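Novice: Okay, here's the structure, questions in a sec.
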Amino acid sequence: MSEQAAPQHRQITVTEHLLLHQKQSPTATGSFTQLLYDLILAAKLIARNVTKAGLLDVLGGTGEINVQGEDVQKLDDYANRILIHRLQRTGVLCAMASEENADVINIPDAFRRGEYILIFDPLDGSSNIDVNINVGTIFSILRRISPSDQDVALSDVLQPGYKQVGAGYVLYGPSTMLVYTTGQGVHAFTLDPSVGEFLLSLSNVKIPETGKIYSVNEGNVSYWDEKTALAAASFKGSDNPRGAPYSHRYVGSLVADFHRTLLKGGIFMYPMDYKDPDHPKGKLRLMCEAAPMSLLAEQAGGMASDGRRRILEIIPDTLHARVPLYIGSKNDVQHVINKLK
Ligand code: AHG
Ligand code: MN
Ligand code: MN
């Protein structure tokens, strides 16, 4: 079971939590803590605008199409610009990569550079913005592998997920929550808007081994292969780890669907589909969506797979590589892997 936070007067802030973990880890340096601190500041600025979205002129599209071929929403663009602006001056990054940018984002010469690489989905679930449904920011942190006196190479960024030194997300929901891991468990914080601080809500979050909820866009069933359709359908009957029908929930924002899966258990799936009959593929992006969520899932005792391989072991071939994703409770994910064989 996840550990509940202390009563309000004893609650600890995310900054205190980071410093505590930094002290406990002999290799940790202040620069990693600085990175998370600046990321949190950017997230608070995004949260401020997301919660006022209906009041400001921030709803709707910019009229542009991003590198993924999708409409860019004004808030996508805003969140992306905030993150790049704040994080390029943090002094600890040597590069960034965003869902919204085709190429690696270099740190301008005017700023100090460091060892870390930040990869992010600035606003996840952006098709839900206009209807006031949860969205989020997802992040993944890597350490460069090439020597620091050389230019950062694409191979520094294209590392498998198990190399992440940190990962997490901020969920802009009824309350704003930060969930992160640095490889020492998963911890969840809630933004108290009255003091502007993220306060610890749950430490050492653990995903139940078997859940009661399955989550998938079942409208895509006619684009799936037969085994995928049978695997999804198995959650409606009794041939599944629970031995009884699961409830179905699907928000359509990965951050929200994953957050529920993390806390309640069950499985979230975005299978490979044949929307393009010649090029079957998954939709979710390996580096800025699947890999960070998979590190969180494993740190919480869960599992993440593309149906055959552990997500964290997949070596990305491009910055915007996509993968099928099956993530959540260990028994539910293993069940689907067995069905896909
Ligand atoms: P983004 O808004 O960053 O492009 O991500 C959208 C993703 C993800 O949040 C969600 O799980 C998935 O798209 C939903 O896709 P469908 O609408 O195809 O179900
Ligand atoms: Mn996304
Ligand atoms: Mn996005």
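All residue names refer to the structure tokens as shown: chains lettered A, B, ... in order, residues numbered from 1 in each chain, ligands numbered from 1 in order.
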Could you tell me, counting only C-alpha atoms and all ligand atoms, which protein and nucleic acid residues lie no more than 7 Å from ligand 1, written as a list of chain:residue names?

Specialist: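 Answer in the requested format: A:Asp121, A:Leu123, A:Asp124, A:Gly125, A:Ser126, A:Ser127, A:Asn217, A:Gly252, A:Ser253, A:Leu254, A:Val255, A:Leu284.
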
Novice: Grab the residues selected above and save them as a PDB file, in the first residue's frame with C-alpha atoms.

Specialist:
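The resulting file, result_14.pdb, is shown below:
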ATOM      1  CA  ASP A 121       5.736  16.213 -23.650  1.00  0.00           C
ATOM      2  CA  LEU A 123       1.093  19.247 -22.766  1.00  0.00           C
ATOM      3  CA  ASP A 124      -0.260  15.738 -22.930  1.00  0.00           C
ATOM      4  CA  GLY A 125      -3.909  15.186 -23.780  1.00  0.00           C
ATOM      5  CA  SER A 126      -4.171  18.492 -25.593  1.00  0.00           C
ATOM      6  CA  SER A 127      -7.242  17.406 -27.549  1.00  0.00           C
ATOM      7  CA  ASN A 217      -9.649   3.434 -27.001  1.00  0.00           C
ATOM      8  CA  GLY A 252      -7.874  10.106 -23.652  1.00  0.00           C
ATOM      9  CA  SER A 253      -5.094  11.943 -21.776  1.00  0.00           C
ATOM     10  CA  LEU A 254      -2.283   9.514 -21.019  1.00  0.00           C
ATOM     11  CA  VAL A 255      -1.350  11.418 -17.866  1.00  0.00           C
ATOM     12  CA  LEU A 284       2.392   6.941 -28.106  1.00  0.00           C
TER      13      LEU A 284
END

Novice: For Val186 in chain A, work out the shell of residues within 7 Å, counting only C-alpha atoms and skipping chain neighbours fewer than 4 positions away, then give it as a CSV table (one decimal) with N, CA, C and O atoms, in the first residue's frame.

Specialist:
chain,number,residue,atom,x,y,z
A,179,VAL,N,4.0,13.9,-9.8
A,179,VAL,CA,4.4,12.5,-9.5
A,179,VAL,C,5.8,12.2,-10.1
A,179,VAL,O,6.0,12.5,-11.3
A,180,TYR,N,6.7,11.8,-9.2
A,180,TYR,CA,8.1,11.6,-9.8
A,180,TYR,C,8.8,10.5,-9.2
A,180,TYR,O,8.5,10.0,-8.1
A,181,THR,N,9.8,10.0,-9.9
A,181,THR,CA,10.7,9.0,-9.4
A,181,THR,C,12.2,9.4,-9.8
A,181,THR,O,12.4,10.0,-10.9
A,203,SER,N,3.8,8.8,-0.5
A,203,SER,CA,5.1,8.3,-0.8
A,203,SER,C,5.2,6.8,-1.0
A,203,SER,O,4.3,6.1,-0.5
A,204,ASN,N,6.1,6.4,-1.8
A,204,ASN,CA,6.3,5.0,-2.2
A,204,ASN,C,5.0,4.4,-2.7
A,204,ASN,O,4.5,3.4,-2.2
A,205,VAL,N,4.5,5.1,-3.7
A,205,VAL,CA,3.2,4.6,-4.3
A,205,VAL,C,3.4,3.2,-4.9
A,205,VAL,O,4.4,2.9,-5.6
A,296,LEU,N,8.1,4.9,-14.0
A,296,LEU,CA,7.2,5.1,-12.8
A,296,LEU,C,6.5,3.8,-12.5
A,296,LEU,O,6.4,3.4,-11.3
A,299,GLN,N,8.9,1.3,-11.0
A,299,GLN,CA,9.2,1.8,-9.6
A,299,GLN,C,8.1,1.6,-8.6
A,299,GLN,O,8.3,1.5,-7.4
A,300,ALA,N,6.9,1.5,-9.1
A,300,ALA,CA,5.7,1.3,-8.3
A,300,ALA,C,5.3,-0.2,-8.2
A,300,ALA,O,4.3,-0.5,-7.7

Novice: Expressed in Å to a single decimal, how great is the separation between CA of Glu298 in chain A and CA of Asp192 in chain A?

Specialist: 28.0 Å

Novice: Could you write out, as a CSV table (one decimal) with C-alpha atoms, in the first residue's frame, all the residues of range 20-241 of chain A that DSSP marks as strand (DSSP E or B)?

Specialist:
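Final output, saved to out-v9.csv:
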chain,number,residue,atom,x,y,z
A,61,GLY,CA,-5.4,25.9,-32.2
A,62,THR,CA,-2.5,28.0,-33.4
A,63,GLY,CA,-3.2,27.0,-37.0
A,64,GLU,CA,0.1,25.1,-37.1
A,65,ILE,CA,0.8,21.3,-37.5
A,71,ASP,CA,-2.8,20.4,-34.7
A,72,VAL,CA,-0.8,22.5,-32.3
A,73,GLN,CA,-3.0,24.0,-29.6
A,93,LEU,CA,21.2,20.7,-19.1
A,94,CYS,CA,23.2,20.1,-22.2
A,95,ALA,CA,20.2,19.5,-24.4
A,96,MET,CA,16.4,19.1,-24.4
A,97,ALA,CA,13.9,17.3,-26.7
A,98,SER,CA,10.2,18.1,-26.9
A,105,ILE,CA,17.0,21.6,-28.7
A,106,ASN,CA,20.5,22.8,-27.9
A,116,TYR,CA,21.7,16.3,-18.0
A,117,ILE,CA,19.2,15.9,-20.9
A,118,LEU,CA,15.5,16.7,-20.5
A,119,ILE,CA,12.9,15.2,-22.7
A,120,PHE,CA,9.3,16.3,-22.4
A,121,ASP,CA,5.7,16.2,-23.6
A,122,PRO,CA,4.8,19.8,-22.7
A,123,LEU,CA,1.1,19.2,-22.8
A,124,ASP,CA,-0.3,15.7,-22.9
A,135,VAL,CA,-4.1,17.4,-19.2
A,136,GLY,CA,-0.5,17.1,-18.1
A,137,THR,CA,3.2,17.5,-18.6
A,138,ILE,CA,5.4,14.4,-18.9
A,139,PHE,CA,9.2,14.5,-18.4
A,140,SER,CA,12.2,12.2,-18.6
A,141,ILE,CA,15.8,12.9,-17.5
A,142,LEU,CA,18.9,11.3,-18.9
A,143,ARG,CA,22.6,11.9,-18.2
A,166,GLY,CA,14.5,10.6,-13.2
A,167,ALA,CA,11.0,10.7,-14.7
A,168,GLY,CA,7.5,12.0,-13.8
A,169,TYR,CA,4.5,14.1,-14.7
A,170,VAL,CA,2.4,17.0,-13.6
A,171,LEU,CA,-1.3,16.4,-13.8
A,172,TYR,CA,-3.4,19.5,-14.2
A,176,THR,CA,-2.4,19.9,-9.7
A,177,MET,CA,-0.3,16.9,-8.8
A,178,LEU,CA,3.4,16.1,-9.4
A,179,VAL,CA,4.4,12.5,-9.5
A,180,TYR,CA,8.1,11.6,-9.8
A,181,THR,CA,10.7,9.0,-9.4
A,186,VAL,CA,7.3,6.9,-6.7
A,187,HIS,CA,6.2,10.0,-4.8
A,188,ALA,CA,3.1,12.2,-5.3
A,189,PHE,CA,2.7,15.8,-4.4
A,190,THR,CA,-0.3,18.1,-4.6
A,191,LEU,CA,0.0,21.8,-5.4
A,192,ASP,CA,-1.5,23.9,-2.6
A,197,GLU,CA,4.0,24.7,-3.0
A,198,PHE,CA,3.7,21.1,-3.9
A,199,LEU,CA,3.1,19.2,-0.6
A,200,LEU,CA,3.7,15.4,-0.2
A,201,SER,CA,0.5,13.4,-0.6
A,202,LEU,CA,1.7,9.9,-1.1
A,203,SER,CA,5.1,8.3,-0.8
A,213,ILE,CA,-10.1,-1.3,-14.6
A,214,TYR,CA,-9.0,-1.6,-18.2
A,215,SER,CA,-8.4,1.5,-20.3

Novice: Residues at most 7 Å from range 34-39 of chain A, counting only C-alpha atoms, excluding those fewer than 6 positions away in the same chain, as a VMD selection string?

Specialist: chain A and resid 86 to 87 90 92

Novice: Generate the output file for the selected residues, C-alpha atoms, as a compact mmCIF listing (two decimals), in the first residue's frame.

Specialist:
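Now in again-v8.txt:
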# COMPACT_ATOMS: atom_id res chain seq x y z
CA ARG A 86 13.00 28.22 -18.01
CA LEU A 87 15.03 25.06 -18.43
CA THR A 90 19.01 26.17 -15.40
CA VAL A 92 22.56 21.79 -15.63
